[in-house]
file protein-v5.cif (mmCIF, C-alpha atoms)
data_start
loop_
_atom_site.group_PDB
_atom_site.id
_atom_site.type_symbol
_atom_site.label_atom_id
_atom_site.label_comp_id
_atom_site.auth_asym_id
_atom_site.auth_seq_id
_atom_site.Cartn_x
_atom_site.Cartn_y
_atom_site.Cartn_z
ATOM 1 C CA ILE A 1 83.533 125.719 52.059
ATOM 2 C CA LEU A 2 84.779 124.327 55.392
ATOM 3 C CA VAL A 3 81.538 125.359 57.107
ATOM 4 C CA ALA A 4 79.516 123.662 54.362
ATOM 5 C CA LEU A 5 81.607 120.494 54.671
ATOM 6 C CA LEU A 6 81.228 120.468 58.460
ATOM 7 C CA LYS A 7 77.455 120.802 58.027
ATOM 8 C CA LEU A 8 77.498 117.840 55.623
ATOM 9 C CA LEU A 9 79.579 115.797 58.067
ATOM 10 C CA GLY A 10 77.301 116.671 61.001
ATOM 11 C CA THR A 11 74.175 115.935 58.963
ATOM 12 C CA LEU A 12 75.528 112.518 57.979
ATOM 13 C CA TYR A 13 76.409 111.570 61.566
ATOM 14 C CA ILE A 14 73.011 112.727 62.844
ATOM 15 C CA ALA A 15 71.189 110.877 60.047
ATOM 16 C CA LEU A 16 73.120 107.677 60.735
ATOM 17 C CA ILE A 17 72.472 107.900 64.493
ATOM 18 C CA VAL A 18 68.749 108.444 63.872
ATOM 19 C CA PHE A 19 68.720 105.530 61.407
ATOM 20 C CA VAL A 20 70.409 103.169 63.867
ATOM 21 C CA THR A 21 68.284 104.173 66.858
ATOM 22 C CA VAL A 22 64.906 104.491 65.137
ATOM 23 C CA VAL A 23 64.954 102.010 62.252
ATOM 24 C CA LEU A 24 67.381 99.360 63.465
ATOM 25 C CA GLY A 25 66.255 99.820 67.086
ATOM 26 C CA THR A 26 62.671 99.119 66.006
ATOM 27 C CA VAL A 27 63.811 96.012 64.134
ATOM 28 C CA MET A 28 65.608 94.830 67.286
ATOM 29 C CA MET A 29 62.439 95.317 69.328
ATOM 30 C CA ILE A 30 60.215 93.546 66.791
ATOM 31 C CA PHE A 31 62.503 90.514 66.590
ATOM 32 C CA LYS A 32 63.283 90.540 70.326
ATOM 33 C CA ILE A 33 67.034 90.963 69.979
ATOM 34 C CA PRO A 34 68.396 92.033 73.408
ATOM 35 C CA PHE A 35 70.084 95.427 73.060
ATOM 36 C CA LYS A 36 72.850 94.952 75.614
ATOM 37 C CA GLN A 37 74.046 91.556 74.395
ATOM 38 C CA PHE A 38 73.840 92.563 70.748
ATOM 39 C CA PHE A 39 75.771 95.815 71.283
ATOM 40 C CA LYS A 40 78.423 93.925 73.222
ATOM 41 C CA ALA A 41 78.793 91.442 70.355
ATOM 42 C CA VAL A 42 78.988 94.050 67.589
ATOM 43 C CA SER A 43 81.144 96.609 69.391
ATOM 44 C CA GLU A 44 84.440 95.082 68.255
ATOM 45 C CA PRO A 45 83.531 94.524 64.574
ATOM 46 C CA VAL A 46 82.005 98.016 64.394
ATOM 47 C CA SER A 47 85.145 99.479 66.000
ATOM 48 C CA ILE A 48 87.333 97.688 63.460
ATOM 49 C CA ALA A 49 85.167 98.992 60.625
ATOM 50 C CA PHE A 50 85.264 102.514 62.067
ATOM 51 C CA ALA A 51 89.056 102.495 62.430
ATOM 52 C CA THR A 52 89.879 100.934 59.063
ATOM 53 C CA THR A 53 86.967 102.364 57.001
ATOM 54 C CA SER A 54 86.681 98.897 55.489
ATOM 55 C CA SER A 55 83.835 96.529 56.240
ATOM 56 C CA GLU A 56 85.854 93.620 54.841
ATOM 57 C CA SER A 57 88.400 93.871 57.663
ATOM 58 C CA ALA A 58 85.605 93.489 60.231
ATOM 59 C CA LEU A 59 84.005 90.455 58.558
ATOM 60 C CA PRO A 60 85.928 87.651 60.365
ATOM 61 C CA LYS A 61 85.306 89.161 63.816
ATOM 62 C CA ALA A 62 81.662 89.882 62.975
ATOM 63 C CA MET A 63 81.120 86.271 61.898
ATOM 64 C CA GLU A 64 82.842 84.942 65.006
ATOM 65 C CA ASN A 65 80.837 87.174 67.358
ATOM 66 C CA MET A 66 77.499 86.426 65.724
ATOM 67 C CA GLU A 67 78.151 82.706 66.184
ATOM 68 C CA LYS A 68 79.067 83.327 69.837
ATOM 69 C CA ILE A 69 75.685 84.947 70.522
ATOM 70 C CA GLY A 70 73.720 82.072 69.037
ATOM 71 C CA VAL A 71 73.374 82.670 65.297
ATOM 72 C CA PRO A 72 74.042 79.348 63.517
ATOM 73 C CA ARG A 73 77.146 79.180 61.324
ATOM 74 C CA LYS A 74 75.125 78.381 58.181
ATOM 75 C CA ILE A 75 73.126 81.606 58.589
ATOM 76 C CA VAL A 76 76.143 83.742 59.507
ATOM 77 C CA SER A 77 78.219 82.433 56.598
ATOM 78 C CA PHE A 78 75.435 83.252 54.134
ATOM 79 C CA VAL A 79 73.856 86.448 55.502
ATOM 80 C CA LEU A 80 76.957 88.469 56.423
ATOM 81 C CA PRO A 81 78.871 88.140 53.112
ATOM 82 C CA THR A 82 75.653 88.657 51.147
ATOM 83 C CA GLY A 83 74.804 91.678 53.269
ATOM 84 C CA TYR A 84 78.231 93.161 52.558
ATOM 85 C CA THR A 85 77.185 93.239 48.917
ATOM 86 C CA PHE A 86 73.506 94.168 49.151
ATOM 87 C CA ASN A 87 72.769 95.611 52.616
ATOM 88 C CA LEU A 88 74.666 98.907 52.628
ATOM 89 C CA ASP A 89 72.394 101.213 54.617
ATOM 90 C CA GLY A 90 75.110 103.641 55.678
ATOM 91 C CA THR A 91 76.529 103.933 52.173
ATOM 92 C CA THR A 92 73.121 104.563 50.600
ATOM 93 C CA LEU A 93 72.321 107.258 53.155
ATOM 94 C CA TYR A 94 75.710 108.880 52.569
ATOM 95 C CA LEU A 95 75.291 108.831 48.788
ATOM 96 C CA SER A 96 71.872 110.486 49.022
ATOM 97 C CA LEU A 97 73.170 113.252 51.276
ATOM 98 C CA ALA A 98 76.299 113.775 49.196
ATOM 99 C CA THR A 99 74.314 114.047 45.958
ATOM 100 C CA VAL A 100 72.038 116.691 47.458
ATOM 101 C CA PHE A 101 75.160 118.485 48.757
ATOM 102 C CA VAL A 102 76.672 118.462 45.253
ATOM 103 C CA ALA A 103 73.479 119.962 43.804
ATOM 104 C CA GLN A 104 73.282 122.611 46.534
ATOM 105 C CA ALA A 105 76.971 123.519 46.163
ATOM 106 C CA ALA A 106 76.426 124.047 42.442
ATOM 107 C CA GLY A 107 73.254 126.073 43.037
ATOM 108 C CA ILE A 108 71.056 123.544 41.243
ATOM 109 C CA HIS A 109 67.494 123.309 42.550
ATOM 110 C CA MET A 110 66.094 119.787 42.727
ATOM 111 C CA SER A 111 62.431 119.019 43.212
ATOM 112 C CA ILE A 112 61.258 116.442 45.740
ATOM 113 C CA GLY A 113 60.515 114.098 42.848
ATOM 114 C CA GLN A 114 64.080 114.410 41.553
ATOM 115 C CA GLN A 115 65.472 113.783 45.033
ATOM 116 C CA ILE A 116 63.328 110.672 45.429
ATOM 117 C CA MET A 117 64.440 109.455 41.986
ATOM 118 C CA ILE A 118 68.092 110.015 42.919
ATOM 119 C CA GLY A 119 67.543 108.133 46.190
ATOM 120 C CA LEU A 120 66.037 105.167 44.353
ATOM 121 C CA VAL A 121 68.808 105.123 41.750
ATOM 122 C CA LEU A 122 71.452 105.279 44.481
ATOM 123 C CA MET A 123 69.785 102.414 46.351
ATOM 124 C CA LEU A 124 70.255 100.283 43.247
ATOM 125 C CA THR A 125 73.707 101.493 42.204
ATOM 126 C CA SER A 126 75.196 101.161 45.686
ATOM 127 C CA LYS A 127 74.518 97.425 45.644
ATOM 128 C CA GLY A 128 77.721 95.592 45.033
ATOM 129 C CA VAL A 129 79.997 98.526 45.863
ATOM 130 C CA ALA A 130 83.391 97.257 46.941
ATOM 131 C CA GLY A 131 84.067 97.021 50.666
ATOM 132 C CA VAL A 132 87.176 99.168 50.334
ATOM 133 C CA PRO A 133 87.683 102.758 51.468
ATOM 134 C CA ARG A 134 86.442 105.471 49.084
ATOM 135 C CA ALA A 135 84.700 103.041 46.714
ATOM 136 C CA SER A 136 81.434 104.937 47.143
ATOM 137 C CA LEU A 137 83.039 108.028 45.578
ATOM 138 C CA VAL A 138 82.957 106.167 42.266
ATOM 139 C CA ILE A 139 79.192 105.648 42.677
ATOM 140 C CA LEU A 140 78.771 109.306 43.646
ATOM 141 C CA THR A 141 80.691 110.440 40.572
ATOM 142 C CA GLY A 142 78.535 108.220 38.361
ATOM 143 C CA ALA A 143 75.346 109.551 39.948
ATOM 144 C CA ALA A 144 76.504 113.140 39.452
ATOM 145 C CA ALA A 145 77.196 112.456 35.780
ATOM 146 C CA THR A 146 73.839 110.696 35.347
ATOM 147 C CA PHE A 147 71.867 113.595 36.828
ATOM 148 C CA ASN A 148 73.947 116.309 35.107
ATOM 149 C CA LEU A 149 75.546 117.551 38.306
ATOM 150 C CA PRO A 150 79.048 119.065 38.344
ATOM 151 C CA LEU A 151 81.978 117.062 39.646
ATOM 152 C CA TRP A 152 83.881 119.853 41.448
ATOM 153 C CA PRO A 153 81.831 119.572 44.701
ATOM 154 C CA ILE A 154 82.815 115.883 44.876
ATOM 155 C CA MET A 155 86.456 116.976 44.979
ATOM 156 C CA ALA A 156 85.585 119.091 48.036
ATOM 157 C CA ILE A 157 83.876 116.091 49.669
ATOM 158 C CA LEU A 158 87.046 114.090 49.121
ATOM 159 C CA GLY A 159 88.690 116.161 51.870
ATOM 160 C CA ILE A 160 86.322 114.849 54.562
ATOM 161 C CA ASP A 161 85.412 111.529 52.977
ATOM 162 C CA GLU A 162 87.605 109.584 55.424
ATOM 163 C CA LEU A 163 85.560 110.906 58.360
ATOM 164 C CA MET A 164 82.282 110.110 56.612
ATOM 165 C CA ASP A 165 83.510 106.679 55.511
ATOM 166 C CA MET A 166 84.218 105.732 59.120
ATOM 167 C CA ALA A 167 80.604 106.299 60.119
ATOM 168 C CA ARG A 168 78.890 104.786 57.100
ATOM 169 C CA THR A 169 81.062 101.650 57.203
ATOM 170 C CA SER A 170 80.263 101.181 60.895
ATOM 171 C CA VAL A 171 76.534 101.396 60.182
ATOM 172 C CA ASN A 172 76.907 98.899 57.322
ATOM 173 C CA VAL A 173 78.582 96.377 59.655
ATOM 174 C CA PHE A 174 76.023 96.998 62.428
ATOM 175 C CA GLY A 175 73.123 96.486 60.001
ATOM 176 C CA ASN A 176 74.582 93.303 58.557
ATOM 177 C CA CYS A 177 75.169 91.804 61.998
ATOM 178 C CA LEU A 178 71.589 92.648 62.938
ATOM 179 C CA ALA A 179 70.367 91.082 59.693
ATOM 180 C CA SER A 180 71.999 87.771 60.630
ATOM 181 C CA CYS A 181 70.195 87.820 64.009
ATOM 182 C CA VAL A 182 66.882 88.705 62.357
ATOM 183 C CA ILE A 183 67.181 85.893 59.795
ATOM 184 C CA ALA A 184 68.113 83.417 62.547
ATOM 185 C CA ARG A 185 65.118 84.569 64.628
ATOM 186 C CA SER A 186 62.730 84.332 61.664
ATOM 187 C CA GLU A 187 63.997 80.808 60.936
ATOM 188 C CA LYS A 188 63.585 79.945 64.657
ATOM 189 C CA GLU A 189 67.256 79.018 64.875
ATOM 190 C CA LEU A 190 68.531 81.803 67.144
ATOM 191 C CA ASP A 191 69.935 80.272 70.332
ATOM 192 C CA ASP A 192 68.362 82.391 73.068
ATOM 193 C CA GLU A 193 70.509 80.783 75.774
ATOM 194 C CA LYS A 194 73.715 82.010 74.122
ATOM 195 C CA LEU A 195 72.100 85.362 73.325
#
call {"tool": "encode", "arguments": {"input": "protein-v5.cif", "output": "structure tokens"}}
result
Amino acid sequence: ILVALLKLLGTLYIALIVFVTVVLGTVMMIFKIPFKQFFKAVSEPVSIAFATTSSESALPKAMENMEKIGVPRKIVSFVLPTGYTFNLDGTTLYLSLATVFVAQAAGIHMSIGQQIMIGLVLMLTSKGVAGVPRASLVILTGAAATFNLPLWPIMAILGIDELMDMARTSVNVFGNCLASCVIARSEKELDDEKL
């Protein structure tokens, strides 16, 4: 079981790194957000989120740093808190992987169509998940019950959930900070001199 859990942990970290570099990196290029300055601004909020496994604890520093790099306060104060409720990329990716892990651990074969359906359902149910550690386990348990999956593999995941929560929370904070820059750029209110 430890080997299986390590594979799940490694898969999640690789998936999140690919998501940040490919998807969010592309968004940064499209909206002309300078990599170096943005990474410098988000490094502290992401570190706080990683250490505490709570995106809420990183919110004040994230808001402060986004304002410092030229995102207007009105955009920061709307986009970041809203994103903490609706823009949970890391959590959604984790939930999808964990659900497939639960099915595989139980020996249940799932078709591609079922996996896509689970992914879509998890995208909807993860919206509004609390910004506290281990809150996504409640969503995972609900998804397992909905799709007739056993709950015992979730208890195994609980052993490494802290390590997975660190990564997914960091990606959530990173994505929300980027969203505030993207909205400011699209509204032509991003201060390029500060950035």
call {"tool": "resolve_selection", "arguments": {"input": "protein-v5.cif", "expression": "the PyMOL selection byres ((chain A and resi 102) around 12)", "output": "PDB file with C-alpha atoms, keeping the file's coordinate frame"}}
result
ATOM      1  CA  ALA A   4      79.516 123.662  54.362  1.00  0.00           C
ATOM      2  CA  LEU A   5      81.607 120.494  54.671  1.00  0.00           C
ATOM      3  CA  LEU A   8      77.498 117.840  55.623  1.00  0.00           C
ATOM      4  CA  LEU A  95      75.291 108.831  48.788  1.00  0.00           C
ATOM      5  CA  SER A  96      71.872 110.486  49.022  1.00  0.00           C
ATOM      6  CA  LEU A  97      73.170 113.252  51.276  1.00  0.00           C
ATOM      7  CA  ALA A  98      76.299 113.775  49.196  1.00  0.00           C
ATOM      8  CA  THR A  99      74.314 114.047  45.958  1.00  0.00           C
ATOM      9  CA  VAL A 100      72.038 116.691  47.458  1.00  0.00           C
ATOM     10  CA  PHE A 101      75.160 118.485  48.757  1.00  0.00           C
ATOM     11  CA  ALA A 103      73.479 119.962  43.804  1.00  0.00           C
ATOM     12  CA  GLN A 104      73.282 122.611  46.534  1.00  0.00           C
ATOM     13  CA  ALA A 105      76.971 123.519  46.163  1.00  0.00           C
ATOM     14  CA  ALA A 106      76.426 124.047  42.442  1.00  0.00           C
ATOM     15  CA  GLY A 107      73.254 126.073  43.037  1.00  0.00           C
ATOM     16  CA  ILE A 108      71.056 123.544  41.243  1.00  0.00           C
ATOM     17  CA  HIS A 109      67.494 123.309  42.550  1.00  0.00           C
ATOM     18  CA  MET A 110      66.094 119.787  42.727  1.00  0.00           C
ATOM     19  CA  LEU A 140      78.771 109.306  43.646  1.00  0.00           C
ATOM     20  CA  THR A 141      80.691 110.440  40.572  1.00  0.00           C
ATOM     21  CA  ALA A 143      75.346 109.551  39.948  1.00  0.00           C
ATOM     22  CA  ALA A 144      76.504 113.140  39.452  1.00  0.00           C
ATOM     23  CA  ALA A 145      77.196 112.456  35.780  1.00  0.00           C
ATOM     24  CA  PHE A 147      71.867 113.595  36.828  1.00  0.00           C
ATOM     25  CA  ASN A 148      73.947 116.309  35.107  1.00  0.00           C
ATOM     26  CA  LEU A 149      75.546 117.551  38.306  1.00  0.00           C
ATOM     27  CA  PRO A 150      79.048 119.065  38.344  1.00  0.00           C
ATOM     28  CA  LEU A 151      81.978 117.062  39.646  1.00  0.00           C
ATOM     29  CA  TRP A 152      83.881 119.853  41.448  1.00  0.00           C
ATOM     30  CA  PRO A 153      81.831 119.572  44.701  1.00  0.00           C
ATOM     31  CA  ILE A 154      82.815 115.883  44.876  1.00  0.00           C
ATOM     32  CA  MET A 155      86.456 116.976  44.979  1.00  0.00           C
ATOM     33  CA  ALA A 156      85.585 119.091  48.036  1.00  0.00           C
ATOM     34  CA  ILE A 157      83.876 116.091  49.669  1.00  0.00           C
ATOM     35  CA  LEU A 158      87.046 114.090  49.121  1.00  0.00           C
TER      36      LEU A 158
END
call {"tool": "residues_around", "arguments": {"input": "protein-v5.cif", "residues": "Val173 (chain A)", "least_positions_apart": "5", "cutoff": "10 Å", "atoms": "all atoms listed in the file", "output": "list of chain:residue names"}}
result
A:Val42, A:Pro45, A:Val46, A:Ser47, A:Ile48, A:Ala49, A:Phe50, A:Ser54, A:Ser55, A:Glu56, A:Ala58, A:Leu59, A:Ala62, A:Leu80, A:Gly83, A:Tyr84, A:Asn87, A:Leu88, A:Asp89, A:Gly90, A:Arg168, A:Leu178, A:Ala179
call {"tool": "closest_atom_pairs", "arguments": {"input": "protein-v5.cif", "of": "region 58-151 of chain A", "to": "region 34-41 of chain A", "cutoff": "9 Å", "atoms": "only C-alpha atoms", "output": "Markdown table"}}
result
| residue | atom | partner | partner_atom | distance |
| --- | --- | --- | --- | --- |
| A:Ala62 | CA | A:Ala41 | CA | 8.1 |
| A:Asn65 | CA | A:Ala41 | CA | 5.6 |
| A:Met66 | CA | A:Ala41 | CA | 6.9 |
| A:Lys68 | CA | A:Ala41 | CA | 8.1 |
| A:Ile69 | CA | A:Ala41 | CA | 7.2 |
call {"tool": "closest_residue", "arguments": {"input": "protein-v5.cif", "among": "A:Gly70, A:Gly175, A:Gly119, A:Gly113", "to": "Gly25 (chain A)", "atoms": "all atoms listed in the file"}}
result
A:Gly175
call {"tool": "closest_residue", "arguments": {"input": "protein-v5.cif", "among": "A:Leu122, A:Leu195, A:Val182, A:Cys177", "to": "Thr26 (chain A)", "atoms": "only C-alpha atoms"}}
result
A:Val182
call {"tool": "atom_distance", "arguments": {"input": "protein-v5.cif", "atom1": "CA of Met28 (chain A)", "atom2": "CA of Gly10 (chain A)"}}
result
25.6 Å
call {"tool": "atom_distance", "arguments": {"input": "protein-v5.cif", "atom1": "CA of Ile112 (chain A)", "atom2": "CA of Ile1 (chain A)"}}
result
24.9 Å
call {"tool": "resolve_selection", "arguments": {"input": "protein-v5.cif", "expression": "the PyMOL selection byres ((chain A and resi 12) around 9)", "output": "ChimeraX atom specification"}}
result
/A:7-11,13-17,93-94,97-98,164,167-168
call {"tool": "closest_residue", "arguments": {"input": "protein-v5.cif", "among": "A:Ile33, A:Ile160, A:Leu137, A:Ile75", "to": "Asp192 (chain A)", "atoms": "only C-alpha atoms"}}
result
A:Ile33
call {"tool": "atom_distance", "arguments": {"input": "protein-v5.cif", "atom1": "CA of Arg134 (chain A)", "atom2": "CA of Thr53 (chain A)"}}
result
8.5 Å
call {"tool": "axis_aligned_box", "arguments": {"input": "protein-v5.cif", "around": "region 95-105 of chain A", "padding_each_side": "8 Å", "output": "JSON"}}
result
{"center_x": 74.4, "center_y": 116.2, "center_z": 47.5, "size_x": 21.1, "size_y": 30.7, "size_z": 23.5}
call {"tool": "resolve_selection", "arguments": {"input": "protein-v5.cif", "expression": "the PyMOL selection byres ((chain A and resi 76) around 9)", "output": "list of chain:residue names"}}
result
A:Ala62, A:Met63, A:Glu64, A:Met66, A:Glu67, A:Val71, A:Pro72, A:Arg73, A:Lys74, A:Ile75, A:Ser77, A:Phe78, A:Val79, A:Leu80, A:Pro81, A:Cys177, A:Ser180, A:Cys181, A:Ala184
call {"tool": "write_last_selection", "arguments": {"input": "protein-v5.cif", "atoms": "C-alpha atoms", "output": "short mmCIF file (atom, residue, chain, number, x, y, z; two decimals), in the coordinates of the input"}}
result
data_model
loop_
_atom_site.label_atom_id
_atom_site.label_comp_id
_atom_site.auth_asym_id
_atom_site.auth_seq_id
_atom_site.Cartn_x
_atom_site.Cartn_y
_atom_site.Cartn_z
CA ALA A 62 81.66 89.88 62.98
CA MET A 63 81.12 86.27 61.90
CA GLU A 64 82.84 84.94 65.01
CA MET A 66 77.50 86.43 65.72
CA GLU A 67 78.15 82.71 66.18
CA VAL A 71 73.37 82.67 65.30
CA PRO A 72 74.04 79.35 63.52
CA ARG A 73 77.15 79.18 61.32
CA LYS A 74 75.12 78.38 58.18
CA ILE A 75 73.13 81.61 58.59
CA SER A 77 78.22 82.43 56.60
CA PHE A 78 75.44 83.25 54.13
CA VAL A 79 73.86 86.45 55.50
CA LEU A 80 76.96 88.47 56.42
CA PRO A 81 78.87 88.14 53.11
CA CYS A 177 75.17 91.80 62.00
CA SER A 180 72.00 87.77 60.63
CA CYS A 181 70.19 87.82 64.01
CA ALA A 184 68.11 83.42 62.55
#
call {"tool": "decode", "arguments": {"input": "protein-v5.cif", "residues": "region 28-38 of chain A", "atoms": "all heavy atoms", "output": "CSV table (one decimal), in the first residue's frame"}}
result
chain,number,residue,atom,x,y,z
A,28,MET,N,0.2,33.0,-18.8
A,28,MET,CA,1.1,34.1,-18.5
A,28,MET,C,1.7,34.7,-19.8
A,28,MET,O,1.8,35.9,-19.9
A,28,MET,CB,2.2,33.7,-17.5
A,28,MET,CG,1.8,33.4,-16.1
A,28,MET,SD,3.1,32.7,-15.1
A,28,MET,CE,4.0,34.2,-14.7
A,29,MET,N,2.0,33.8,-20.7
A,29,MET,CA,2.5,34.3,-22.0
A,29,MET,C,1.5,35.1,-22.8
A,29,MET,O,1.8,36.1,-23.3
A,29,MET,CB,3.1,33.1,-22.8
A,29,MET,CG,4.4,32.6,-22.3
A,29,MET,SD,5.1,31.1,-23.0
A,29,MET,CE,4.4,31.1,-24.7
A,30,ILE,N,0.3,34.6,-22.8
A,30,ILE,CA,-0.8,35.2,-23.6
A,30,ILE,C,-1.1,36.6,-23.1
A,30,ILE,O,-1.3,37.5,-23.8
A,30,ILE,CB,-2.1,34.3,-23.6
A,30,ILE,CG1,-1.8,33.0,-24.4
A,30,ILE,CG2,-3.3,35.1,-24.1
A,30,ILE,CD1,-2.9,32.0,-24.3
A,31,PHE,N,-1.1,36.7,-21.7
A,31,PHE,CA,-1.5,38.0,-21.1
A,31,PHE,C,-0.3,38.8,-20.8
A,31,PHE,O,-0.4,39.9,-20.1
A,31,PHE,CB,-2.4,37.8,-19.9
A,31,PHE,CG,-3.8,37.4,-20.3
A,31,PHE,CD1,-4.1,36.0,-20.4
A,31,PHE,CD2,-4.7,38.3,-20.6
A,31,PHE,CE1,-5.4,35.7,-20.7
A,31,PHE,CE2,-6.0,38.0,-20.9
A,31,PHE,CZ,-6.3,36.6,-21.0
A,32,LYS,N,0.9,38.4,-21.2
A,32,LYS,CA,2.1,39.2,-21.0
A,32,LYS,C,2.4,39.5,-19.6
A,32,LYS,O,2.6,40.7,-19.2
A,32,LYS,CB,2.1,40.4,-21.9
A,32,LYS,CG,2.1,40.1,-23.4
A,32,LYS,CD,2.0,41.3,-24.3
A,32,LYS,CE,2.0,41.1,-25.7
A,32,LYS,NZ,0.9,40.3,-26.3
A,33,ILE,N,2.3,38.5,-18.7
A,33,ILE,CA,2.7,38.7,-17.3
A,33,ILE,C,4.1,38.2,-17.2
A,33,ILE,O,4.4,37.1,-17.5
A,33,ILE,CB,1.8,37.8,-16.4
A,33,ILE,CG1,0.3,37.9,-16.7
A,33,ILE,CG2,2.1,38.0,-15.0
A,33,ILE,CD1,-0.3,39.3,-16.4
A,34,PRO,N,5.0,39.1,-16.8
A,34,PRO,CA,6.5,38.7,-16.7
A,34,PRO,C,6.7,37.6,-15.6
A,34,PRO,O,6.3,37.8,-14.5
A,34,PRO,CB,7.1,40.0,-16.3
A,34,PRO,CG,6.2,41.1,-16.4
A,34,PRO,CD,4.8,40.5,-16.5
A,35,PHE,N,7.3,36.6,-16.0
A,35,PHE,CA,7.5,35.4,-15.2
A,35,PHE,C,8.3,35.8,-13.9
A,35,PHE,O,7.8,35.4,-12.8
A,35,PHE,CB,8.3,34.3,-15.9
A,35,PHE,CG,7.6,33.7,-17.0
A,35,PHE,CD1,7.9,34.0,-18.3
A,35,PHE,CD2,6.5,32.8,-16.8
A,35,PHE,CE1,7.2,33.4,-19.4
A,35,PHE,CE2,5.8,32.2,-17.9
A,35,PHE,CZ,6.2,32.5,-19.2
A,36,LYS,N,9.4,36.4,-14.0
A,36,LYS,CA,10.3,36.7,-12.9
A,36,LYS,C,9.6,37.5,-11.8
A,36,LYS,O,9.6,37.2,-10.6
A,36,LYS,CB,11.6,37.3,-13.4
A,36,LYS,CG,12.6,37.5,-12.3
A,36,LYS,CD,13.9,38.1,-12.9
A,36,LYS,CE,14.9,38.2,-11.8
A,36,LYS,NZ,16.2,38.8,-12.3
A,37,GLN,N,9.0,38.6,-12.2
A,37,GLN,CA,8.3,39.5,-11.3
A,37,GLN,C,7.1,38.8,-10.6
A,37,GLN,O,6.9,39.0,-9.4
A,37,GLN,CB,7.9,40.8,-12.0
A,37,GLN,CG,9.0,41.7,-12.4
A,37,GLN,CD,9.6,41.3,-13.7
A,37,GLN,OE1,9.4,40.2,-14.2
A,37,GLN,NE2,10.4,42.2,-14.3
A,38,PHE,N,6.4,38.1,-11.4
A,38,PHE,CA,5.2,37.4,-10.9
A,38,PHE,C,5.6,36.3,-9.9
A,38,PHE,O,5.1,36.2,-8.8
A,38,PHE,CB,4.4,36.8,-12.0
A,38,PHE,CG,3.1,36.1,-11.5
A,38,PHE,CD1,2.0,36.8,-11.1
A,38,PHE,CD2,3.1,34.7,-11.4
A,38,PHE,CE1,0.9,36.2,-10.6
A,38,PHE,CE2,2.0,34.1,-10.9
A,38,PHE,CZ,0.9,34.8,-10.5
